[in-house]
Amino acid sequence: MNIRVQREELLRQIGYRQPPESRLLKMIDDVLALLGDLIEHKLAFKVIQDEQSLPPFLVGAALKYAGGATLGQKLENKVKELFDEEKPAEAYILDTAGSIAITKAGDALWSRIRQDAASKGFRKGMRRTPGCRGIELDTQRWIFEELADPDLGITLTESWMMVPRKSLSFLARFGGKLKNSFSCEGCPQYADCTLRG
Amino acid sequence: MTVDIIKEIYDAVLEGKVDEASNRVKQALGSGVDPNEILNSSLIAAMDVVGEKFGEGELFIPQVLWSAKAMQSGMDLLKPSFSSGEHAKKGTIVIGTAKGDIHDIGKNLLAIMLEGSGFEVADLGVDVTPERFIEKAAEVKADVVAVSALLTTTMQSMGEVVSLVKGRSLPFKVIIGGAPVDQAFCEEIGADAYGMDAVDGLRKVKELVKR
């Protein structure tokens with residue numbers, strides 16, 4: 001899987017609705033040219049069989065997953081290097097491109113999980129990230145203990161932050177009855193949620 | 001001549017042309033233009049407009065960073081012209097990312113803009129304890145402590161920074177910023193200001209230092 005970030009989506013993410021001046025376009029193109037060599041993305045997911053000590057979000061699901069994705073450390077090292085070289089605009093643009101890329105990596109991971117779920121007869125599912133909407137941040141520990149994939153290359157800090165920073169993790173559930181406290185209808189972001197399957 | 005060169009420096013900062021700004025400031029100083037006029041009528045005036053244009057959605061972060069760099073290049077040349085550098089120094093800021101949080105882009109952007117505007121900046125990095133903020137602020141006699149956080153789970157330690165400052169009646173103002181923070185949270189924890197983004201943060205720090 002290749003993760004590509006297009007100039008137009010990067011411009012939109014920064015805020016531009018019209019093409020900016022040519023030297024900025026050149027800077028953006030130069031940064032995007034670096035991106036391919038800087039992304040060392042890895043994805044991992046696991047079907048959860050264990051019914052003991054499940055995070056509340058997964059309780060009652062017919063099919064349960066934990067997943068994680070990262071872009072690797074190289075990109076972050078380059079962002080730091082650019083800041084240290086007093087090239088903050090380039091650093092900011094590269095970091096923003098990284099944010100787009102990790103979102104795409106997360107989408108790719110979700111797509112793989114959904115394919116796996118579909119092969120088991122499940123079509124509708126949802127995912128949630130620790131720290132958001134009722135999922136305690138310390139669920140990170142549970143996720144990475146379940147994944148137990150040293151090749152993924154994500155470590156956790158004492159406060160459950162992922163390193164490299166351009167990483168993500170989530171729980172996913174398919175089938176079964178969701179506890180009311182996690183039901184979609186009760187969520188303030190229900191109307192425009194992109195996470196529902 | 002003076003009016004022309006002042007305008008040229010102003011334009012260079014506005015357009016984020018670092019070398020142009022630096023060369024024009026050198027030229028102005030060589031021609032005997034008052035450093036105060038260069039500072040106020042060119043550098044600060046242009047950066048103020050950059051901030052306004054950012055607020056109005058005409059400019060975006062990369063261009064603001066270019067302008068901040070252009071301003072800083074001019075400031076560096078002006079510093080020797082002011083006795084012991086004090087005139088050019090606008091204040092001292094201790095900045096860092098809140099305890100438990102390791103995200104630093106927003107914090108880095110504000111630090112660059114503060115330096116570009118003539119502030120002394122002590123950057124403590126990420127995952128900074130409230131005690132460390134206070135300790136450093138006392139050490140460098142800071143005017144403002146700036147605390148950034150990206151997550152709702154880490155923004156709570158901002159309140160601890162404020163509590164330490166207020167509880168000990170320390171002479172520092174506290175500004176907070178970051179994605180999960182808003183004016184209501186700022187008021188709830190008793191911080192002195194909230195910066196919506198790096199440019200707004202710079203503006204608020206300037207206001208805090210003036211108080």
# chains A, B, ... in the order shown; residues from 1 in each chain; ligands from 1

$ closest_atom_pairs --of "chain A" --to "chain B" --cutoff "7 Å" --atoms "only C-alpha atoms" --output "tab-separated table"
residue	atom	partner	partner_atom	distance
A:Gly15	CA	B:Phe60	CA	6.6
A:Pro88	CA	B:Leu65	CA	6.7
A:Ala89	CA	B:Pro62	CA	4.7
A:Ser159	CA	B:Gly100	CA	5.1

$ write_last_selection --atoms "N, CA and C atoms" --output "PDB file, in the first residue's frame"
ATOM      1  N   GLY A  15      -5.194  25.538   4.739  1.00  0.00           N
ATOM      2  CA  GLY A  15      -6.202  26.594   4.760  1.00  0.00           C
ATOM      3  C   GLY A  15      -6.437  27.265   3.423  1.00  0.00           C
ATOM      4  N   PRO A  88      11.098  26.664   9.609  1.00  0.00           N
ATOM      5  CA  PRO A  88       9.826  26.301  10.250  1.00  0.00           C
ATOM      6  C   PRO A  88       8.681  26.112   9.269  1.00  0.00           C
ATOM      7  N   ALA A  89       8.686  26.857   8.164  1.00  0.00           N
ATOM      8  CA  ALA A  89       7.583  26.695   7.204  1.00  0.00           C
ATOM      9  C   ALA A  89       7.624  25.295   6.597  1.00  0.00           C
ATOM     10  N   SER A 159       2.053   8.533  29.936  1.00  0.00           N
ATOM     11  CA  SER A 159       0.710   9.128  29.863  1.00  0.00           C
ATOM     12  C   SER A 159      -0.075   8.598  28.662  1.00  0.00           C
TER      13      SER A 159
END

$ residues_around --residues "range 196-205 of chain B" --least-positions-apart "3" --cutoff "8 Å" --atoms "only C-alpha atoms" --output "PyMOL selection string"
chain B and resi 51+54-55+106-107+109-110+113-114+144+175+177-178+182+193+208-209

$ write_last_selection --atoms "N, CA, C and O atoms" --output "PDB file, in the first residue's frame"
ATOM      1  N   GLY B  51      -0.339  39.653  11.029  1.00  0.00           N
ATOM      2  CA  GLY B  51      -1.269  39.066  11.992  1.00  0.00           C
ATOM      3  C   GLY B  51      -2.714  39.335  11.620  1.00  0.00           C
ATOM      4  O   GLY B  51      -3.569  38.452  11.701  1.00  0.00           O
ATOM      5  N   PHE B  54      -3.664  37.223   8.629  1.00  0.00           N
ATOM      6  CA  PHE B  54      -3.875  35.831   9.038  1.00  0.00           C
ATOM      7  C   PHE B  54      -5.270  35.686   9.649  1.00  0.00           C
ATOM      8  O   PHE B  54      -6.016  34.754   9.339  1.00  0.00           O
ATOM      9  N   GLY B  55      -5.600  36.641  10.527  1.00  0.00           N
ATOM     10  CA  GLY B  55      -6.909  36.608  11.185  1.00  0.00           C
ATOM     11  C   GLY B  55      -8.049  36.696  10.199  1.00  0.00           C
ATOM     12  O   GLY B  55      -9.129  36.146  10.423  1.00  0.00           O
ATOM     13  N   GLY B 106       2.253  23.267  17.524  1.00  0.00           N
ATOM     14  CA  GLY B 106       1.669  24.563  17.868  1.00  0.00           C
ATOM     15  C   GLY B 106       2.572  25.366  18.776  1.00  0.00           C
ATOM     16  O   GLY B 106       2.776  26.572  18.581  1.00  0.00           O
ATOM     17  N   LYS B 107       3.140  24.683  19.741  1.00  0.00           N
ATOM     18  CA  LYS B 107       4.066  25.333  20.674  1.00  0.00           C
ATOM     19  C   LYS B 107       5.287  25.876  19.924  1.00  0.00           C
ATOM     20  O   LYS B 107       5.734  26.999  20.154  1.00  0.00           O
ATOM     21  N   LEU B 109       5.492  26.742  16.773  1.00  0.00           N
ATOM     22  CA  LEU B 109       5.112  27.875  15.918  1.00  0.00           C
ATOM     23  C   LEU B 109       5.030  29.157  16.739  1.00  0.00           C
ATOM     24  O   LEU B 109       5.527  30.213  16.328  1.00  0.00           O
ATOM     25  N   LEU B 110       4.408  29.062  17.909  1.00  0.00           N
ATOM     26  CA  LEU B 110       4.306  30.263  18.751  1.00  0.00           C
ATOM     27  C   LEU B 110       5.697  30.716  19.197  1.00  0.00           C
ATOM     28  O   LEU B 110       5.988  31.920  19.192  1.00  0.00           O
ATOM     29  N   MET B 113       7.309  32.630  16.439  1.00  0.00           N
ATOM     30  CA  MET B 113       6.706  33.957  16.245  1.00  0.00           C
ATOM     31  C   MET B 113       7.084  34.903  17.379  1.00  0.00           C
ATOM     32  O   MET B 113       7.289  36.094  17.161  1.00  0.00           O
ATOM     33  N   LEU B 114       7.160  34.380  18.585  1.00  0.00           N
ATOM     34  CA  LEU B 114       7.574  35.219  19.718  1.00  0.00           C
ATOM     35  C   LEU B 114       9.013  35.694  19.528  1.00  0.00           C
ATOM     36  O   LEU B 114       9.312  36.881  19.718  1.00  0.00           O
ATOM     37  N   VAL B 144       5.690  35.929  31.044  1.00  0.00           N
ATOM     38  CA  VAL B 144       4.541  35.093  30.703  1.00  0.00           C
ATOM     39  C   VAL B 144       4.971  33.621  30.636  1.00  0.00           C
ATOM     40  O   VAL B 144       6.055  33.316  30.158  1.00  0.00           O
ATOM     41  N   ILE B 175      -0.648  32.052  29.799  1.00  0.00           N
ATOM     42  CA  ILE B 175      -1.494  31.932  28.590  1.00  0.00           C
ATOM     43  C   ILE B 175      -1.550  30.460  28.206  1.00  0.00           C
ATOM     44  O   ILE B 175      -0.553  29.746  28.319  1.00  0.00           O
ATOM     45  N   GLY B 177      -3.064  27.440  25.271  1.00  0.00           N
ATOM     46  CA  GLY B 177      -3.507  27.264  23.888  1.00  0.00           C
ATOM     47  C   GLY B 177      -3.448  25.810  23.488  1.00  0.00           C
ATOM     48  O   GLY B 177      -2.869  24.981  24.191  1.00  0.00           O
ATOM     49  N   GLY B 178      -4.068  25.508  22.357  1.00  0.00           N
ATOM     50  CA  GLY B 178      -4.082  24.135  21.859  1.00  0.00           C
ATOM     51  C   GLY B 178      -5.494  23.727  21.474  1.00  0.00           C
ATOM     52  O   GLY B 178      -6.466  24.345  21.911  1.00  0.00           O
ATOM     53  N   ASP B 182     -10.368  26.350  25.098  1.00  0.00           N
ATOM     54  CA  ASP B 182     -11.111  27.510  24.599  1.00  0.00           C
ATOM     55  C   ASP B 182     -11.184  28.571  25.699  1.00  0.00           C
ATOM     56  O   ASP B 182     -10.655  28.383  26.794  1.00  0.00           O
ATOM     57  N   ALA B 193      -4.922  34.392  29.773  1.00  0.00           N
ATOM     58  CA  ALA B 193      -5.309  34.541  28.368  1.00  0.00           C
ATOM     59  C   ALA B 193      -5.353  33.183  27.689  1.00  0.00           C
ATOM     60  O   ALA B 193      -4.759  32.215  28.154  1.00  0.00           O
ATOM     61  N   LEU B 208      -0.521  40.887  27.287  1.00  0.00           N
ATOM     62  CA  LEU B 208      -0.204  40.529  28.681  1.00  0.00           C
ATOM     63  C   LEU B 208       1.037  41.277  29.163  1.00  0.00           C
ATOM     64  O   LEU B 208       1.086  41.731  30.304  1.00  0.00           O
ATOM     65  N   VAL B 209       2.009  41.398  28.279  1.00  0.00           N
ATOM     66  CA  VAL B 209       3.269  42.052  28.673  1.00  0.00           C
ATOM     67  C   VAL B 209       3.048  43.550  28.901  1.00  0.00           C
ATOM     68  O   VAL B 209       3.692  44.157  29.754  1.00  0.00           O
TER      69      VAL B 209
END

$ select_by_dssp --residues "range 148-201 of chain B" --states "helix (DSSP H, G or I)" --output "tab-separated table (two decimals) with C-alpha atoms, in the first residue's frame"
chain	number	residue	atom	x	y	z
B	156	GLN	CA	-5.96	19.47	32.93
B	157	SER	CA	-2.38	20.11	34.00
B	158	MET	CA	-2.73	23.67	32.68
B	159	GLY	CA	-4.92	24.34	35.70
B	160	GLU	CA	-2.12	23.14	37.96
B	161	VAL	CA	0.26	25.67	36.40
B	162	VAL	CA	-2.26	28.44	37.06
B	163	SER	CA	-2.86	27.22	40.61
B	164	LEU	CA	0.85	27.28	41.36
B	165	VAL	CA	1.24	30.79	39.99
B	166	LYS	CA	-1.81	32.21	41.73
B	167	GLY	CA	-1.36	30.20	44.91
B	183	GLN	CA	-11.90	30.78	26.32
B	184	ALA	CA	-14.37	29.10	28.67
B	185	PHE	CA	-11.69	26.66	29.89
B	186	CYS	CA	-9.26	29.56	30.23
B	187	GLU	CA	-11.71	31.34	32.52
B	188	GLU	CA	-12.56	28.15	34.39
B	189	ILE	CA	-8.95	27.56	35.43
B	198	ALA	CA	-0.08	30.88	17.19
B	199	VAL	CA	-0.82	34.32	15.75
B	200	ASP	CA	-3.55	35.00	18.30
B	201	GLY	CA	-1.19	33.70	20.98

$ select_by_dssp --residues "chain B" --states "strand (DSSP E or B)" --output "PDB file with N, CA and C atoms, in the first residue's frame"
ATOM      1  N   THR B  92      10.089  38.266  28.389  1.00  0.00           N
ATOM      2  CA  THR B  92      10.618  36.903  28.432  1.00  0.00           C
ATOM      3  C   THR B  92       9.471  35.925  28.633  1.00  0.00           C
ATOM      4  N   ILE B  93       9.456  34.910  27.792  1.00  0.00           N
ATOM      5  CA  ILE B  93       8.361  33.941  27.803  1.00  0.00           C
ATOM      6  C   ILE B  93       8.923  32.542  28.048  1.00  0.00           C
ATOM      7  N   VAL B  94       8.332  31.842  28.978  1.00  0.00           N
ATOM      8  CA  VAL B  94       8.641  30.417  29.162  1.00  0.00           C
ATOM      9  C   VAL B  94       7.512  29.642  28.501  1.00  0.00           C
ATOM     10  N   ILE B  95       7.891  28.734  27.608  1.00  0.00           N
ATOM     11  CA  ILE B  95       6.867  28.030  26.827  1.00  0.00           C
ATOM     12  C   ILE B  95       7.119  26.524  26.863  1.00  0.00           C
ATOM     13  N   GLY B  96       6.042  25.755  26.825  1.00  0.00           N
ATOM     14  CA  GLY B  96       6.209  24.303  26.797  1.00  0.00           C
ATOM     15  C   GLY B  96       4.868  23.617  26.588  1.00  0.00           C
ATOM     16  N   THR B  97       4.949  22.305  26.335  1.00  0.00           N
ATOM     17  CA  THR B  97       3.746  21.487  26.201  1.00  0.00           C
ATOM     18  C   THR B  97       3.442  20.840  27.550  1.00  0.00           C
ATOM     19  N   ALA B  98       2.172  20.817  27.896  1.00  0.00           N
ATOM     20  CA  ALA B  98       1.734  20.381  29.226  1.00  0.00           C
ATOM     21  C   ALA B  98       2.174  18.960  29.564  1.00  0.00           C
ATOM     22  N   GLU B 120      12.337  37.182  24.351  1.00  0.00           N
ATOM     23  CA  GLU B 120      13.253  36.121  24.762  1.00  0.00           C
ATOM     24  C   GLU B 120      12.386  34.903  25.075  1.00  0.00           C
ATOM     25  N   VAL B 121      12.746  33.753  24.528  1.00  0.00           N
ATOM     26  CA  VAL B 121      11.909  32.564  24.709  1.00  0.00           C
ATOM     27  C   VAL B 121      12.721  31.430  25.332  1.00  0.00           C
ATOM     28  N   ALA B 122      12.222  30.916  26.428  1.00  0.00           N
ATOM     29  CA  ALA B 122      12.812  29.707  27.032  1.00  0.00           C
ATOM     30  C   ALA B 122      11.855  28.557  26.735  1.00  0.00           C
ATOM     31  N   ASP B 123      12.263  27.705  25.807  1.00  0.00           N
ATOM     32  CA  ASP B 123      11.400  26.606  25.367  1.00  0.00           C
ATOM     33  C   ASP B 123      11.743  25.339  26.158  1.00  0.00           C
ATOM     34  N   VAL B 128       6.010  18.801  30.102  1.00  0.00           N
ATOM     35  CA  VAL B 128       6.611  19.656  31.121  1.00  0.00           C
ATOM     36  C   VAL B 128       5.718  19.698  32.365  1.00  0.00           C
ATOM     37  N   VAL B 144       5.690  35.929  31.044  1.00  0.00           N
ATOM     38  CA  VAL B 144       4.541  35.093  30.703  1.00  0.00           C
ATOM     39  C   VAL B 144       4.971  33.621  30.636  1.00  0.00           C
ATOM     40  N   VAL B 145       4.101  32.764  31.132  1.00  0.00           N
ATOM     41  CA  VAL B 145       4.276  31.322  30.967  1.00  0.00           C
ATOM     42  C   VAL B 145       3.215  30.860  29.965  1.00  0.00           C
ATOM     43  N   ALA B 146       3.665  30.215  28.886  1.00  0.00           N
ATOM     44  CA  ALA B 146       2.745  29.766  27.830  1.00  0.00           C
ATOM     45  C   ALA B 146       2.692  28.245  27.818  1.00  0.00           C
ATOM     46  N   VAL B 147       1.486  27.710  27.987  1.00  0.00           N
ATOM     47  CA  VAL B 147       1.317  26.254  28.103  1.00  0.00           C
ATOM     48  C   VAL B 147       0.419  25.755  26.971  1.00  0.00           C
ATOM     49  N   SER B 148       0.915  24.747  26.253  1.00  0.00           N
ATOM     50  CA  SER B 148       0.177  24.192  25.115  1.00  0.00           C
ATOM     51  C   SER B 148      -0.229  22.740  25.400  1.00  0.00           C
ATOM     52  N   LYS B 173       2.235  35.976  34.170  1.00  0.00           N
ATOM     53  CA  LYS B 173       0.935  35.750  33.534  1.00  0.00           C
ATOM     54  C   LYS B 173       0.973  34.371  32.887  1.00  0.00           C
ATOM     55  N   VAL B 174      -0.185  33.760  32.766  1.00  0.00           N
ATOM     56  CA  VAL B 174      -0.248  32.435  32.140  1.00  0.00           C
ATOM     57  C   VAL B 174      -1.185  32.486  30.939  1.00  0.00           C
ATOM     58  N   ILE B 175      -0.648  32.052  29.799  1.00  0.00           N
ATOM     59  CA  ILE B 175      -1.494  31.932  28.590  1.00  0.00           C
ATOM     60  C   ILE B 175      -1.550  30.460  28.206  1.00  0.00           C
ATOM     61  N   ILE B 176      -2.721  30.012  27.786  1.00  0.00           N
ATOM     62  CA  ILE B 176      -2.885  28.619  27.371  1.00  0.00           C
ATOM     63  C   ILE B 176      -3.357  28.556  25.913  1.00  0.00           C
ATOM     64  N   GLY B 177      -3.064  27.440  25.271  1.00  0.00           N
ATOM     65  CA  GLY B 177      -3.507  27.264  23.888  1.00  0.00           C
ATOM     66  C   GLY B 177      -3.448  25.810  23.488  1.00  0.00           C
ATOM     67  N   ALA B 193      -4.922  34.392  29.773  1.00  0.00           N
ATOM     68  CA  ALA B 193      -5.309  34.541  28.368  1.00  0.00           C
ATOM     69  C   ALA B 193      -5.353  33.183  27.689  1.00  0.00           C
ATOM     70  N   TYR B 194      -6.083  33.183  26.569  1.00  0.00           N
ATOM     71  CA  TYR B 194      -6.183  31.984  25.728  1.00  0.00           C
ATOM     72  C   TYR B 194      -5.804  32.384  24.304  1.00  0.00           C
ATOM     73  N   GLY B 195      -4.878  31.644  23.702  1.00  0.00           N
ATOM     74  CA  GLY B 195      -4.499  31.901  22.316  1.00  0.00           C
ATOM     75  C   GLY B 195      -5.150  30.881  21.403  1.00  0.00           C
TER      76      GLY B 195
END

$ closest_residue --among "A:Glu158, A:Glu90, A:Glu136, A:Lys64" --to "Asp116 in chain A" --atoms "only C-alpha atoms"
A:Lys64

$ closest_residue --among "A:Leu11, A:Met27, A:Ala117, A:Ala69" --to "Asp149 in chain A" --atoms "only C-alpha atoms"
A:Ala69

$ closest_atom_pairs --of "range 11-89 of chain A" --to "range 1-25 of chain B" --cutoff "12 Å" --atoms "only C-alpha atoms" --output "JSON lines"
{"residue": "A:Glu21", "atom": "CA", "partner": "B:Glu15", "partner_atom": "CA", "distance": 10.4}
{"residue": "A:Arg23", "atom": "CA", "partner": "B:Lys17", "partner_atom": "CA", "distance": 10.9}
{"residue": "A:Leu24", "atom": "CA", "partner": "B:Gly16", "partner_atom": "CA", "distance": 10.9}
{"residue": "A:Glu86", "atom": "CA", "partner": "B:Val18", "partner_atom": "CA", "distance": 11.9}
{"residue": "A:Lys87", "atom": "CA", "partner": "B:Val18", "partner_atom": "CA", "distance": 11.6}
{"residue": "A:Ala89", "atom": "CA", "partner": "B:Gly16", "partner_atom": "CA", "distance": 10.9}

$ decode --residues "range 34-102 of chain B" --atoms "C-alpha atoms" --output "short mmCIF file (atom, residue, chain, number, x, y, z; two decimals), in the first residue's frame"
data_model
loop_
_atom_site.label_atom_id
_atom_site.label_comp_id
_atom_site.auth_asym_id
_atom_site.auth_seq_id
_atom_site.Cartn_x
_atom_site.Cartn_y
_atom_site.Cartn_z
CA ASP B 34 17.06 55.64 13.41
CA PRO B 35 16.87 51.99 14.62
CA ASN B 36 13.69 52.85 16.52
CA GLU B 37 12.06 53.90 13.29
CA ILE B 38 13.14 50.69 11.56
CA LEU B 39 11.81 48.68 14.47
CA ASN B 40 8.47 50.42 14.85
CA SER B 41 7.62 51.65 11.36
CA SER B 42 8.92 48.67 9.40
CA LEU B 43 9.29 45.47 11.39
CA ILE B 44 6.55 45.74 14.00
CA ALA B 45 4.14 47.55 11.69
CA ALA B 46 4.52 44.88 9.00
CA MET B 47 4.18 41.99 11.43
CA ASP B 48 1.03 43.56 12.85
CA VAL B 49 -0.45 43.59 9.35
CA VAL B 50 0.63 39.98 8.82
CA GLY B 51 -1.27 39.07 11.99
CA GLU B 52 -4.34 40.91 10.77
CA LYS B 53 -4.22 39.23 7.37
CA PHE B 54 -3.88 35.83 9.04
CA GLY B 55 -6.91 36.61 11.18
CA GLU B 56 -8.85 37.57 8.08
CA GLY B 57 -7.87 34.39 6.24
CA GLU B 58 -5.73 36.17 3.66
CA LEU B 59 -2.47 34.63 4.85
CA PHE B 60 -1.75 31.19 6.29
CA ILE B 61 0.81 29.72 8.64
CA PRO B 62 3.69 29.17 6.15
CA GLN B 63 3.58 32.81 5.05
CA VAL B 64 3.32 34.01 8.65
CA LEU B 65 6.42 31.96 9.46
CA TRP B 66 8.30 33.51 6.56
CA SER B 67 7.36 36.97 7.80
CA ALA B 68 8.38 36.08 11.36
CA LYS B 69 11.75 34.95 10.05
CA ALA B 70 12.14 38.10 8.01
CA MET B 71 11.33 40.19 11.07
CA GLN B 72 13.76 38.22 13.20
CA SER B 73 16.55 38.74 10.68
CA GLY B 74 15.95 42.48 10.98
CA MET B 75 15.69 42.36 14.76
CA ASP B 76 19.02 40.54 15.01
CA LEU B 77 20.69 43.37 13.12
CA LEU B 78 19.02 46.03 15.25
CA LYS B 79 19.90 44.53 18.64
CA PRO B 80 23.43 46.00 18.87
CA SER B 81 21.96 49.44 18.24
CA PHE B 82 20.02 49.37 21.48
CA SER B 83 21.91 49.77 24.73
CA SER B 84 22.52 46.31 26.20
CA GLY B 85 19.77 45.01 23.96
CA GLU B 86 17.08 45.99 26.44
CA HIS B 87 15.21 48.30 24.13
CA ALA B 88 14.66 45.60 21.57
CA LYS B 89 13.71 42.99 24.15
CA LYS B 90 9.98 42.98 24.65
CA GLY B 91 9.69 40.40 27.39
CA THR B 92 10.62 36.90 28.43
CA ILE B 93 8.36 33.94 27.80
CA VAL B 94 8.64 30.42 29.16
CA ILE B 95 6.87 28.03 26.83
CA GLY B 96 6.21 24.30 26.80
CA THR B 97 3.75 21.49 26.20
CA ALA B 98 1.73 20.38 29.23
CA LYS B 99 2.64 17.38 31.35
CA GLY B 100 1.73 14.08 29.72
CA ASP B 101 1.54 15.59 26.22
CA ILE B 102 4.23 15.17 23.59
#
